[in-house]
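See structure below.
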Amino acid sequence: MIDESFHITSPKMQAAVDELQELIRSHYPETTFTVGDADDPDSVYMRAVVDVDDTDEVTDVLIDRLVDLQVDENLPIYVVTVRTPERIAAQRQHQAPRVAPALSRQESA
């Protein structure tokens, strides 16, 4: 859910969000973003929805800069990368169905 009332009030935080979005889009131009607040009112969470098989590839693109922003610039910004719903559905279709193992009954003598 997107909180339409959420606005970043800190210019420094807004610049960090913009920078991370540009960084991700430079490698994955079709990425969509959702930005919202966290339990901590000073924190910002950004969700990047990317059409990739492995979201670790996206994390590899941004992790160094994200850590710099968090540690060196003391900005409480967090990024979560997720696959598109279409990519998730396609992966589920290719996975073998999971079957629970049969339980054996032990009979007491």
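Each chain of the structure tokens is named A, B, ... in the order shown, its residues numbered from 1; ligands are numbered from 1 in display order.
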
Which residues are close to Val82 in chain A, i.e. within 9 Å by only C-alpha atoms, leaving aside same-chain residues fewer than 5 positions away? Reply as a PDB file with N, CA and C atoms, in the first residue's frame.
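Writing done, so here's selection.pdb:
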```pdb
ATOM      1  N   ARG A  47      11.140   0.548  -1.834  1.00  0.00           N
ATOM      2  CA  ARG A  47      10.994  -0.765  -2.454  1.00  0.00           C
ATOM      3  C   ARG A  47      11.188  -0.583  -3.949  1.00  0.00           C
ATOM      4  N   ALA A  48      12.111  -1.364  -4.509  1.00  0.00           N
ATOM      5  CA  ALA A  48      12.383  -1.335  -5.941  1.00  0.00           C
ATOM      6  C   ALA A  48      11.861  -2.631  -6.544  1.00  0.00           C
ATOM      7  N   VAL A  49      10.920  -2.520  -7.467  1.00  0.00           N
ATOM      8  CA  VAL A  49      10.357  -3.684  -8.143  1.00  0.00           C
ATOM      9  C   VAL A  49      11.060  -3.792  -9.492  1.00  0.00           C
ATOM     10  N   VAL A  50      11.812  -4.901  -9.644  1.00  0.00           N
ATOM     11  CA  VAL A  50      12.707  -5.055 -10.794  1.00  0.00           C
ATOM     12  C   VAL A  50      12.423  -6.374 -11.502  1.00  0.00           C
ATOM     13  N   ASP A  51      12.452  -6.355 -12.825  1.00  0.00           N
ATOM     14  CA  ASP A  51      12.202  -7.557 -13.619  1.00  0.00           C
ATOM     15  C   ASP A  51      13.506  -8.327 -13.810  1.00  0.00           C
ATOM     16  N   VAL A  52      13.900  -9.057 -12.777  1.00  0.00           N
ATOM     17  CA  VAL A  52      15.112  -9.885 -12.807  1.00  0.00           C
ATOM     18  C   VAL A  52      14.815 -11.217 -12.123  1.00  0.00           C
ATOM     19  N   ASP A  54      17.140 -12.740 -10.194  1.00  0.00           N
ATOM     20  CA  ASP A  54      17.848 -12.716  -8.922  1.00  0.00           C
ATOM     21  C   ASP A  54      18.006 -11.268  -8.451  1.00  0.00           C
ATOM     22  N   THR A  55      17.312 -10.903  -7.400  1.00  0.00           N
ATOM     23  CA  THR A  55      17.376  -9.519  -6.913  1.00  0.00           C
ATOM     24  C   THR A  55      18.730  -9.173  -6.295  1.00  0.00           C
TER      25      THR A  55
END
```

What's the 9 Å shell around range 60-69 of chain A, counting only C-alpha atoms, without same-chain residues fewer than 4 positions away, as a PyMOL selection string?
chain A and resi 16+20+23-24+27+55-56+73-79

Which parts of chain A does DSSP call strand (DSSP E) when run on the backbone here, written out as a list in words?
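Answer for chain A, restricted to strand (DSSP E): Thr32, Phe33, Thr34, Val35, Gly36, Asp37, Val44, Tyr45, Met46, Arg47, Ala48, Val49, Val50, Ile77, Tyr78, Val79, Val80, Thr81, Val82 and Arg83 of chain A.
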
Using only C-alpha atoms, which of the listed residues (A:Ile8, A:Leu103, A:Val80, A:Ala15) sits closest to Thr59 in chain A?
A:Val80

Top pick for closest residue to Thr31 in chain A, considering A:Met46, A:Gln70, A:Gln95, A:Ile88 and counting only C-alpha atoms:
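That would be A:Met46, the residue with the smallest distance to Thr31 in chain A.
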
So what do you get for CA of Ser26 in chain A versus CA of Arg83 in chain A, distance-wise?
17.2 Å

Can you measure CA of Phe6 in chain A to CA of Val44 in chain A for me? One decimal in Å is fine.
10.0 Å

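If you look at CA of Asp42 in chain A and CA of Thr81 in chain A, they are 20.8 Å away from each other.
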
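If only C-alpha atoms are the atoms counted, then among A:Pro101, A:Gly36, A:Pro85, A:Pro29 the closest residue to Gln14 in chain A is A:Gly36.
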
Identify all residues of chain A in helix (DSSP H, G or I) (DSSP on the backbone) and supply them as a PyMOL selection string.
chain A and resi 11-27+56-72+85-94

Go ahead and write the selection's residues with N, CA and C atoms as a compact mmCIF listing (two decimals), in the first residue's frame.
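Result file out-v2.txt:
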```txt
# COMPACT_ATOMS: atom_id res chain seq x y z
N PRO A 11 15.81 17.62 2.68
CA PRO A 11 16.41 17.69 1.34
C PRO A 11 17.54 16.67 1.16
N LYS A 12 18.28 16.42 2.22
CA LYS A 12 19.38 15.46 2.17
C LYS A 12 18.84 14.04 1.92
N MET A 13 17.75 13.69 2.61
CA MET A 13 17.15 12.38 2.43
C MET A 13 16.55 12.27 1.03
N GLN A 14 15.89 13.31 0.56
CA GLN A 14 15.30 13.28 -0.78
C GLN A 14 16.39 13.11 -1.83
N ALA A 15 17.51 13.78 -1.64
CA ALA A 15 18.64 13.63 -2.58
C ALA A 15 19.17 12.20 -2.57
N ALA A 16 19.21 11.58 -1.40
CA ALA A 16 19.68 10.20 -1.30
C ALA A 16 18.72 9.24 -2.01
N VAL A 17 17.42 9.43 -1.82
CA VAL A 17 16.43 8.60 -2.49
C VAL A 17 16.55 8.76 -4.00
N ASP A 18 16.65 10.00 -4.47
CA ASP A 18 16.78 10.26 -5.90
C ASP A 18 18.04 9.61 -6.46
N GLU A 19 19.14 9.71 -5.73
CA GLU A 19 20.40 9.14 -6.18
C GLU A 19 20.32 7.62 -6.30
N LEU A 20 19.74 6.97 -5.30
CA LEU A 20 19.63 5.51 -5.35
C LEU A 20 18.69 5.07 -6.47
N GLN A 21 17.62 5.80 -6.68
CA GLN A 21 16.71 5.46 -7.78
C GLN A 21 17.41 5.61 -9.13
N GLU A 22 18.17 6.67 -9.30
CA GLU A 22 18.91 6.86 -10.55
C GLU A 22 19.95 5.76 -10.75
N LEU A 23 20.62 5.40 -9.67
CA LEU A 23 21.63 4.35 -9.75
C LEU A 23 21.00 3.03 -10.20
N ILE A 24 19.88 2.67 -9.61
CA ILE A 24 19.21 1.42 -9.99
C ILE A 24 18.69 1.52 -11.42
N ARG A 25 18.06 2.63 -11.76
CA ARG A 25 17.52 2.79 -13.12
C ARG A 25 18.59 2.82 -14.20
N SER A 26 19.81 3.19 -13.84
CA SER A 26 20.88 3.20 -14.85
C SER A 26 21.21 1.78 -15.30
N HIS A 27 20.91 0.79 -14.47
CA HIS A 27 21.12 -0.62 -14.82
C HIS A 27 19.82 -1.33 -15.18
N ASP A 56 19.54 -10.18 -6.02
CA ASP A 56 20.90 -9.90 -5.52
C ASP A 56 21.70 -9.10 -6.55
N GLU A 57 21.39 -9.27 -7.82
CA GLU A 57 22.07 -8.50 -8.86
C GLU A 57 21.81 -7.00 -8.67
N VAL A 58 20.60 -6.66 -8.30
CA VAL A 58 20.23 -5.26 -8.08
C VAL A 58 20.91 -4.74 -6.81
N THR A 59 20.90 -5.55 -5.78
CA THR A 59 21.54 -5.17 -4.53
C THR A 59 23.03 -4.91 -4.75
N ASP A 60 23.67 -5.73 -5.59
CA ASP A 60 25.08 -5.54 -5.89
C ASP A 60 25.35 -4.16 -6.49
N VAL A 61 24.40 -3.64 -7.26
CA VAL A 61 24.55 -2.34 -7.90
C VAL A 61 24.53 -1.21 -6.88
N LEU A 62 23.73 -1.34 -5.83
CA LEU A 62 23.52 -0.21 -4.93
C LEU A 62 24.14 -0.33 -3.55
N ILE A 63 24.60 -1.50 -3.17
CA ILE A 63 24.98 -1.73 -1.78
C ILE A 63 26.09 -0.82 -1.28
N ASP A 64 27.11 -0.58 -2.08
CA ASP A 64 28.21 0.27 -1.62
C ASP A 64 27.74 1.69 -1.33
N ARG A 65 26.93 2.23 -2.23
CA ARG A 65 26.45 3.59 -2.03
C ARG A 65 25.45 3.65 -0.87
N LEU A 66 24.62 2.63 -0.73
CA LEU A 66 23.66 2.59 0.36
C LEU A 66 24.37 2.60 1.71
N VAL A 67 25.41 1.81 1.84
CA VAL A 67 26.17 1.77 3.10
C VAL A 67 26.82 3.12 3.36
N ASP A 68 27.35 3.76 2.32
CA ASP A 68 27.93 5.10 2.50
C ASP A 68 26.88 6.07 3.04
N LEU A 69 25.69 6.02 2.46
CA LEU A 69 24.62 6.92 2.91
C LEU A 69 24.23 6.64 4.36
N GLN A 70 24.16 5.35 4.70
CA GLN A 70 23.74 4.98 6.05
C GLN A 70 24.81 5.29 7.09
N VAL A 71 26.06 4.97 6.77
CA VAL A 71 27.14 5.09 7.75
C VAL A 71 27.79 6.46 7.72
N ASP A 72 28.28 6.86 6.56
CA ASP A 72 29.03 8.12 6.47
C ASP A 72 28.14 9.35 6.58
N PRO A 85 5.63 -9.03 -10.18
CA PRO A 85 4.64 -10.10 -10.01
C PRO A 85 4.66 -11.10 -11.18
N GLU A 86 4.90 -10.60 -12.38
CA GLU A 86 4.96 -11.49 -13.55
C GLU A 86 6.14 -12.45 -13.45
N ARG A 87 7.26 -11.96 -12.99
CA ARG A 87 8.46 -12.80 -12.84
C ARG A 87 8.23 -13.85 -11.76
N ILE A 88 7.59 -13.47 -10.69
CA ILE A 88 7.29 -14.41 -9.61
C ILE A 88 6.33 -15.49 -10.11
N ALA A 89 5.29 -15.09 -10.84
CA ALA A 89 4.32 -16.06 -11.36
C ALA A 89 4.99 -17.03 -12.33
N ALA A 90 5.86 -16.52 -13.20
CA ALA A 90 6.55 -17.38 -14.15
C ALA A 90 7.44 -18.39 -13.43
N GLN A 91 8.11 -17.95 -12.40
CA GLN A 91 8.97 -18.86 -11.65
C GLN A 91 8.15 -19.95 -10.96
N ARG A 92 7.01 -19.58 -10.43
CA ARG A 92 6.15 -20.56 -9.76
C ARG A 92 5.64 -21.62 -10.74
N GLN A 93 5.39 -21.22 -11.97
CA GLN A 93 4.90 -22.18 -12.97
C GLN A 93 5.97 -23.20 -13.32
N HIS A 94 7.23 -22.81 -13.24
CA HIS A 94 8.32 -23.71 -13.59
C HIS A 94 8.81 -24.57 -12.44
```
